[in-house]
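Chemist: My questions all concern the structure below.
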Amino acid sequence: MLVVIAYDVNTEDAAGQRRLRKLAKQCVNYGQRVQNSVFECSLDAAQYRLLKAKLCAIMDVERDSLRFYNLGNNYHDRVEHFGIKGGYDAAEPLIL
């Protein structure tokens with residue numbers, strides 16, 4: 001399934017900057033960055049639960065915001081992109 005993850009971290013102090021880096025690092029391990037704080041991740045149900053638990057453990061619920069948009073397996077008709085940095089097919093192999 002395709003999951004879009006978006007977060008907003010309060011970075012007014014060093015702890016917030018550390019949380020921001022940790023959140024981004026976890027998301028990069030599971031998907032591709034499509035905006036500064038937005039990731040598209042192709043996950044199965046177990047990976048989704050694990051990633052959600054990891055990210056929720058990192059964030060500060062009093063200062064940060066974290067959103068998960070589950071687009072499911074038939075996401076191709078739900079995602080439109082305009083402009084530079086064309087999208088990628090999350091179902092295709094990712095070659096680094």
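By order of appearance in the structure tokens: chains A, B, ..., then residues from 1 within every chain, and ligands from 1 in the order shown.
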Residues at most 10 Å from range 5-16 of chain A, counting only C-alpha atoms, excluding those fewer than 4 positions away in the same chain, as a PyMOL selection string?

Modeler: chain A and resi 20-24+27+31+33-41+52+55+59-70

Chemist: Given the choices A:Ser42, A:Gln32, A:Gln26, A:Gln17, which gets closest to Asn73 in chain A if the distance is worked out from only C-alpha atoms?

Modeler: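 Of A:Ser42, A:Gln32, A:Gln26, A:Gln17, the one nearest Asn73 in chain A, counting only C-alpha atoms, is A:Ser42.
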